[in-house]
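With compact mmCIF, N, CA and C atoms inside, this is input11.txt:
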```txt
# COMPACT_ATOMS: atom_id res chain seq x y z
N MET I 993 -12.34 -33.04 7.88
CA MET I 993 -11.93 -31.89 8.66
C MET I 993 -13.04 -31.60 9.67
N ASN I 994 -12.64 -31.38 10.91
CA ASN I 994 -13.64 -31.07 11.94
C ASN I 994 -13.66 -29.58 12.24
N SER I 995 -14.44 -29.18 13.23
CA SER I 995 -14.62 -27.76 13.54
C SER I 995 -13.36 -27.11 14.12
N LEU I 996 -12.40 -27.90 14.57
CA LEU I 996 -11.16 -27.36 15.13
C LEU I 996 -10.09 -27.12 14.07
N GLY I 997 -10.39 -27.46 12.82
CA GLY I 997 -9.41 -27.27 11.75
C GLY I 997 -8.43 -28.41 11.64
N THR I 998 -8.73 -29.53 12.28
CA THR I 998 -7.85 -30.69 12.20
C THR I 998 -8.58 -31.82 11.50
N SER I 999 -7.84 -32.81 11.11
CA SER I 999 -8.44 -34.01 10.53
C SER I 999 -7.78 -35.22 11.19
N ILE I 1000 -8.45 -36.35 11.11
CA ILE I 1000 -7.92 -37.57 11.71
C ILE I 1000 -7.55 -38.53 10.59
N VAL I 1001 -6.27 -38.91 10.54
CA VAL I 1001 -5.77 -39.86 9.55
C VAL I 1001 -5.16 -41.03 10.31
N ASN I 1002 -5.71 -42.22 10.11
CA ASN I 1002 -5.25 -43.42 10.80
C ASN I 1002 -5.22 -43.24 12.32
N GLY I 1003 -6.22 -42.54 12.85
CA GLY I 1003 -6.33 -42.36 14.29
C GLY I 1003 -5.43 -41.28 14.87
N ILE I 1004 -4.74 -40.52 14.01
CA ILE I 1004 -3.82 -39.47 14.47
C ILE I 1004 -4.34 -38.12 13.98
N TYR I 1005 -4.39 -37.14 14.89
CA TYR I 1005 -4.81 -35.80 14.50
C TYR I 1005 -3.76 -35.17 13.59
N ARG I 1006 -4.21 -34.60 12.50
CA ARG I 1006 -3.33 -33.91 11.55
C ARG I 1006 -3.84 -32.49 11.34
N ILE I 1007 -2.92 -31.59 11.16
CA ILE I 1007 -3.27 -30.19 10.90
C ILE I 1007 -2.75 -29.83 9.52
N VAL I 1008 -3.60 -29.20 8.74
CA VAL I 1008 -3.19 -28.74 7.41
C VAL I 1008 -2.75 -27.29 7.53
N ILE I 1009 -1.53 -27.03 7.16
CA ILE I 1009 -0.98 -25.67 7.22
C ILE I 1009 -0.72 -25.21 5.80
N ASN I 1010 -1.37 -24.14 5.42
CA ASN I 1010 -1.12 -23.55 4.10
C ASN I 1010 -0.01 -22.53 4.23
N GLN I 1011 0.86 -22.55 3.27
CA GLN I 1011 1.96 -21.59 3.26
C GLN I 1011 1.72 -20.65 2.09
N ILE I 1012 1.58 -19.39 2.39
CA ILE I 1012 1.34 -18.41 1.34
C ILE I 1012 2.69 -18.01 0.76
N LEU I 1013 2.84 -18.24 -0.51
CA LEU I 1013 4.09 -17.95 -1.20
C LEU I 1013 3.78 -16.97 -2.31
N GLN I 1014 4.42 -15.82 -2.30
CA GLN I 1014 4.15 -14.84 -3.33
C GLN I 1014 5.04 -15.10 -4.53
N SER I 1015 4.44 -15.10 -5.68
CA SER I 1015 5.18 -15.29 -6.92
C SER I 1015 5.88 -13.99 -7.29
N PRO I 1016 6.92 -14.07 -8.12
CA PRO I 1016 7.58 -12.85 -8.58
C PRO I 1016 6.58 -11.94 -9.30
N GLY I 1017 6.71 -10.65 -9.07
CA GLY I 1017 5.81 -9.69 -9.68
C GLY I 1017 5.74 -8.43 -8.85
N ILE I 1018 4.72 -7.63 -9.11
CA ILE I 1018 4.51 -6.37 -8.40
C ILE I 1018 3.17 -6.45 -7.68
N TYR I 1019 3.18 -6.15 -6.39
CA TYR I 1019 1.97 -6.20 -5.57
C TYR I 1019 1.73 -4.82 -4.96
N TYR I 1020 0.48 -4.38 -4.95
CA TYR I 1020 0.10 -3.10 -4.36
C TYR I 1020 -0.87 -3.36 -3.22
N ARG I 1021 -0.77 -2.52 -2.18
CA ARG I 1021 -1.75 -2.62 -1.10
C ARG I 1021 -1.89 -1.26 -0.41
N SER I 1022 -3.03 -1.08 0.21
CA SER I 1022 -3.33 0.13 0.96
C SER I 1022 -3.76 -0.30 2.36
N GLU I 1023 -3.15 0.31 3.37
CA GLU I 1023 -3.46 -0.03 4.75
C GLU I 1023 -3.71 1.26 5.52
N LEU I 1024 -4.38 1.13 6.64
CA LEU I 1024 -4.58 2.27 7.53
C LEU I 1024 -3.55 2.20 8.64
N ASP I 1025 -2.89 3.34 8.92
CA ASP I 1025 -1.95 3.35 10.03
C ASP I 1025 -2.72 3.52 11.34
N HIS I 1026 -1.99 3.68 12.44
CA HIS I 1026 -2.63 3.76 13.75
C HIS I 1026 -3.50 5.00 13.93
N LYS I 1027 -3.33 6.02 13.06
CA LYS I 1027 -4.16 7.22 13.13
C LYS I 1027 -5.30 7.19 12.12
N GLY I 1028 -5.44 6.09 11.38
CA GLY I 1028 -6.53 5.96 10.42
C GLY I 1028 -6.24 6.58 9.07
N ILE I 1029 -4.99 6.88 8.78
CA ILE I 1029 -4.60 7.49 7.51
C ILE I 1029 -4.06 6.40 6.59
N SER I 1030 -4.41 6.48 5.31
CA SER I 1030 -3.99 5.45 4.36
C SER I 1030 -2.49 5.53 4.09
N VAL I 1031 -1.86 4.36 4.06
CA VAL I 1031 -0.45 4.21 3.70
C VAL I 1031 -0.42 3.25 2.52
N TYR I 1032 0.19 3.68 1.41
CA TYR I 1032 0.22 2.88 0.20
C TYR I 1032 1.59 2.23 0.05
N THR I 1033 1.58 0.95 -0.31
CA THR I 1033 2.81 0.19 -0.44
C THR I 1033 2.80 -0.59 -1.75
N GLY I 1034 3.93 -0.56 -2.44
CA GLY I 1034 4.13 -1.39 -3.62
C GLY I 1034 5.34 -2.27 -3.39
N THR I 1035 5.21 -3.56 -3.69
CA THR I 1035 6.29 -4.51 -3.46
C THR I 1035 6.69 -5.13 -4.79
N ILE I 1036 7.98 -5.09 -5.08
CA ILE I 1036 8.52 -5.70 -6.28
C ILE I 1036 9.30 -6.93 -5.84
N ILE I 1037 8.85 -8.11 -6.28
CA ILE I 1037 9.50 -9.37 -5.92
C ILE I 1037 10.15 -9.93 -7.17
N SER I 1038 11.46 -10.15 -7.11
CA SER I 1038 12.19 -10.64 -8.27
C SER I 1038 12.26 -12.17 -8.26
N ASP I 1039 12.66 -12.73 -9.40
CA ASP I 1039 12.86 -14.18 -9.48
C ASP I 1039 13.99 -14.62 -8.56
N TRP I 1040 15.08 -13.87 -8.60
CA TRP I 1040 16.24 -14.18 -7.77
C TRP I 1040 16.55 -12.97 -6.91
N GLY I 1041 17.04 -13.20 -5.75
CA GLY I 1041 17.43 -12.10 -4.88
C GLY I 1041 16.29 -11.64 -4.00
N GLY I 1042 16.42 -10.41 -3.54
CA GLY I 1042 15.49 -9.88 -2.56
C GLY I 1042 14.28 -9.22 -3.16
N ARG I 1043 13.64 -8.45 -2.32
CA ARG I 1043 12.45 -7.72 -2.73
C ARG I 1043 12.64 -6.25 -2.40
N LEU I 1044 11.93 -5.41 -3.13
CA LEU I 1044 11.98 -3.97 -2.92
C LEU I 1044 10.58 -3.51 -2.59
N GLU I 1045 10.42 -2.85 -1.45
CA GLU I 1045 9.13 -2.30 -1.05
C GLU I 1045 9.22 -0.78 -1.08
N LEU I 1046 8.28 -0.15 -1.75
CA LEU I 1046 8.17 1.30 -1.79
C LEU I 1046 6.91 1.69 -1.04
N GLU I 1047 7.04 2.66 -0.14
CA GLU I 1047 5.92 3.04 0.72
C GLU I 1047 5.74 4.54 0.70
N ILE I 1048 4.50 4.98 0.60
CA ILE I 1048 4.17 6.41 0.69
C ILE I 1048 3.44 6.59 2.01
N ASP I 1049 4.02 7.39 2.91
CA ASP I 1049 3.43 7.56 4.23
C ASP I 1049 2.44 8.72 4.25
N ARG I 1050 1.94 9.05 5.43
CA ARG I 1050 0.90 10.06 5.57
C ARG I 1050 1.39 11.46 5.23
N LYS I 1051 2.69 11.70 5.25
CA LYS I 1051 3.24 13.00 4.89
C LYS I 1051 3.68 13.04 3.43
N ALA I 1052 3.26 12.07 2.63
CA ALA I 1052 3.58 11.95 1.20
C ALA I 1052 5.07 11.79 0.96
N ARG I 1053 5.77 11.17 1.91
CA ARG I 1053 7.18 10.86 1.72
C ARG I 1053 7.29 9.44 1.19
N ILE I 1054 8.27 9.22 0.32
CA ILE I 1054 8.46 7.91 -0.28
C ILE I 1054 9.65 7.23 0.38
N TRP I 1055 9.42 6.02 0.87
CA TRP I 1055 10.44 5.24 1.56
C TRP I 1055 10.66 3.95 0.81
N ALA I 1056 11.83 3.36 0.97
CA ALA I 1056 12.16 2.09 0.34
C ALA I 1056 12.71 1.13 1.39
N ARG I 1057 12.39 -0.13 1.22
CA ARG I 1057 12.96 -1.20 2.03
C ARG I 1057 13.51 -2.24 1.07
N VAL I 1058 14.74 -2.63 1.26
CA VAL I 1058 15.35 -3.67 0.44
C VAL I 1058 15.43 -4.93 1.29
N SER I 1059 14.80 -5.98 0.84
CA SER I 1059 14.76 -7.28 1.55
C SER I 1059 14.26 -7.14 2.98
N ARG I 1060 13.25 -6.32 3.17
CA ARG I 1060 12.58 -6.12 4.47
C ARG I 1060 13.50 -5.61 5.56
N LYS I 1061 14.53 -4.87 5.18
CA LYS I 1061 15.45 -4.29 6.17
C LYS I 1061 14.95 -2.90 6.55
N GLN I 1062 15.84 -2.08 7.04
CA GLN I 1062 15.51 -0.74 7.52
C GLN I 1062 14.96 0.14 6.41
N LYS I 1063 14.03 1.02 6.77
CA LYS I 1063 13.45 1.96 5.82
C LYS I 1063 14.45 3.06 5.51
N ILE I 1064 14.62 3.37 4.21
CA ILE I 1064 15.48 4.48 3.81
C ILE I 1064 14.71 5.36 2.83
N SER I 1065 15.12 6.59 2.72
CA SER I 1065 14.47 7.52 1.81
C SER I 1065 14.74 7.10 0.37
N ILE I 1066 13.78 7.35 -0.50
CA ILE I 1066 13.97 7.02 -1.92
C ILE I 1066 15.08 7.89 -2.51
N LEU I 1067 15.30 9.08 -1.95
CA LEU I 1067 16.40 9.92 -2.42
C LEU I 1067 17.75 9.28 -2.12
N VAL I 1068 17.89 8.70 -0.94
CA VAL I 1068 19.13 8.04 -0.57
C VAL I 1068 19.36 6.82 -1.47
N LEU I 1069 18.30 6.06 -1.71
CA LEU I 1069 18.42 4.89 -2.58
C LEU I 1069 18.80 5.29 -4.00
N SER I 1070 18.17 6.33 -4.53
CA SER I 1070 18.48 6.79 -5.89
C SER I 1070 19.90 7.31 -6.00
N SER I 1071 20.35 8.05 -5.00
CA SER I 1071 21.72 8.56 -5.06
C SER I 1071 22.73 7.44 -4.88
N ALA I 1072 22.39 6.41 -4.10
CA ALA I 1072 23.29 5.26 -3.95
C ALA I 1072 23.40 4.47 -5.25
N MET I 1073 22.37 4.56 -6.09
CA MET I 1073 22.39 3.87 -7.37
C MET I 1073 23.05 4.71 -8.47
N GLY I 1074 23.56 5.89 -8.11
CA GLY I 1074 24.34 6.68 -9.05
C GLY I 1074 23.66 7.92 -9.60
N SER I 1075 22.46 8.24 -9.17
CA SER I 1075 21.77 9.44 -9.66
C SER I 1075 22.13 10.63 -8.78
N ASN I 1076 22.24 11.79 -9.40
CA ASN I 1076 22.43 12.99 -8.59
C ASN I 1076 21.09 13.70 -8.44
N LEU I 1077 21.03 14.71 -7.58
CA LEU I 1077 19.77 15.35 -7.23
C LEU I 1077 19.10 16.00 -8.43
N SER I 1078 19.87 16.64 -9.31
CA SER I 1078 19.26 17.29 -10.47
C SER I 1078 18.61 16.27 -11.41
N GLU I 1079 19.24 15.11 -11.60
CA GLU I 1079 18.64 14.05 -12.43
C GLU I 1079 17.33 13.54 -11.83
N ILE I 1080 17.33 13.39 -10.53
CA ILE I 1080 16.13 12.89 -9.86
C ILE I 1080 14.99 13.89 -10.02
N LEU I 1081 15.26 15.16 -9.77
CA LEU I 1081 14.20 16.17 -9.85
C LEU I 1081 13.71 16.38 -11.27
N GLU I 1082 14.55 16.16 -12.28
CA GLU I 1082 14.13 16.29 -13.67
C GLU I 1082 13.20 15.16 -14.10
N ASN I 1083 13.33 14.00 -13.49
CA ASN I 1083 12.62 12.82 -13.97
C ASN I 1083 11.41 12.40 -13.13
N VAL I 1084 11.02 13.20 -12.17
CA VAL I 1084 9.83 12.86 -11.38
C VAL I 1084 8.70 13.80 -11.75
N CYS I 1085 7.47 13.35 -11.54
CA CYS I 1085 6.30 14.15 -11.89
C CYS I 1085 6.06 15.30 -10.90
N TYR I 1086 6.31 15.05 -9.62
CA TYR I 1086 6.06 16.06 -8.59
C TYR I 1086 7.34 16.30 -7.79
N PRO I 1087 8.26 17.11 -8.32
CA PRO I 1087 9.53 17.33 -7.61
C PRO I 1087 9.36 18.06 -6.28
N GLU I 1088 8.24 18.77 -6.10
CA GLU I 1088 8.05 19.51 -4.85
C GLU I 1088 7.97 18.57 -3.64
N ILE I 1089 7.55 17.33 -3.85
CA ILE I 1089 7.51 16.36 -2.75
C ILE I 1089 8.93 16.07 -2.28
N PHE I 1090 9.85 15.87 -3.23
CA PHE I 1090 11.24 15.59 -2.88
C PHE I 1090 11.91 16.82 -2.26
N ILE I 1091 11.60 17.99 -2.80
CA ILE I 1091 12.20 19.21 -2.27
C ILE I 1091 11.72 19.46 -0.84
N SER I 1092 10.43 19.22 -0.57
CA SER I 1092 9.92 19.41 0.80
C SER I 1092 10.58 18.44 1.77
N PHE I 1093 10.87 17.22 1.31
CA PHE I 1093 11.55 16.25 2.16
C PHE I 1093 12.96 16.73 2.48
N LEU I 1094 13.65 17.29 1.48
CA LEU I 1094 15.00 17.82 1.71
C LEU I 1094 14.97 19.00 2.67
N ASN I 1095 13.95 19.86 2.53
CA ASN I 1095 13.83 21.01 3.43
C ASN I 1095 13.59 20.57 4.87
N GLU I 1096 12.80 19.51 5.07
CA GLU I 1096 12.57 18.99 6.42
C GLU I 1096 13.87 18.48 7.03
N LYS I 1097 14.69 17.82 6.23
CA LYS I 1097 15.96 17.29 6.74
C LYS I 1097 16.89 18.43 7.14
N GLU I 1098 16.91 19.52 6.35
CA GLU I 1098 17.79 20.65 6.66
C GLU I 1098 17.32 21.37 7.92
N GLU I 1099 16.00 21.45 8.13
CA GLU I 1099 15.48 22.12 9.32
C GLU I 1099 15.83 21.37 10.59
N LYS I 1100 15.92 20.05 10.51
CA LYS I 1100 16.25 19.24 11.69
C LYS I 1100 17.71 19.39 12.08
N LYS I 1101 18.58 19.77 11.14
CA LYS I 1101 20.02 19.90 11.45
C LYS I 1101 20.33 21.11 12.24
```
What is this structure when it is put down as structure tokens?
Amino acid sequence: MNSLGTSIVNGIYRIVINQILQSPGIYYRSELDHKGISVYTGTIISDWGGRLELEIDRKARIWARVSRKQKISILVLSSAMGSNLSEILENVCYPEIFISFLNEKEEKK
């Protein structure tokens, strides 16, 4: 391998390309957004099918992405999976986060 990242095999330049492949499991990461505030993301990768990404933004709102598509609220995802609002609020540690998100949506209407 030379300083350009290539190698010569039988007189022909060859490039080694590594492909990063994530195994099934749960991955966590913390990144800084454009304002320098931490954004936390957890990714669940299954053996078969897509992946689920959960993200907590700077306003402490929880978002979900299914198979890297559009971001949706975790409340919308939970209700689409058959939970109603009272069940969701009973089973979370900090229901005030979800209630504040609902209040923001009502104020925008």
Pick from I:Thr1033, I:Ser1092, I:Ser1075, I:Gln1062 nearest to Glu1045 of chain I, counting all atoms listed in the file: I:Thr1033
Distance in Å - atom N of Ile1029 of chain I versus atom CA of Arg1050 of chain I: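 Interatomic distance here is 7.4 Å.
Backbone DSSP over chain I gives alpha helix (DSSP H) for Ile1066, Leu1067, Val1068, Leu1069, Ser1070, Ser1071, Ala1072, Leu1077, Ser1078, Glu1079, Ile1080, Leu1081, Glu1082, Pro1087, Glu1088, Ile1089, Phe1090, Ile1091, Ser1092, Phe1093, Leu1094, Asn1095, Glu1096, Lys1097, Glu1098, Glu1099 and Lys1100 of chain I.
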Using the file's own x, y and z axes, what box holds all listed atoms of segment 1080-1088 of chain I with 5 Å on each side, keeping edges along x, y and z, and what are its centre and edge lengths in Å to one decimal, as JSON?
```
{"center_x": 11.7, "center_y": 16.0, "center_z": -8.9, "size_x": 21.3, "size_y": 17.1, "size_z": 20.5}
```
For Ser1065 of chain I, the nearest of the candidates I:Pro1087, I:Phe1093, I:Gly1028, I:Gly1017, counting only C-alpha atoms: I:Phe1093
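Put simply, atom CA of Ile1048 of chain I is 15.6 Å away from atom CA of Arg1060 of chain I.
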Atomic separation - atom C of Ile1064 of chain I relative to atom N of Leu1024 of chain I, Å: 19.9 Å
Option closest in space to Pro1016 of chain I, from I:Ile1036, I:Met1073, I:Leu1046, I:Val1084 [counting all atoms listed in the file]: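 Of all the options, I:Ile1036 lies closest to Pro1016 of chain I.
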Expected residue set, 7 Å radius at (8.7, -4.9, -8.2), only C-alpha atoms, as a ChimeraX atom specification: /I:1017-1018,1035-1038,1044
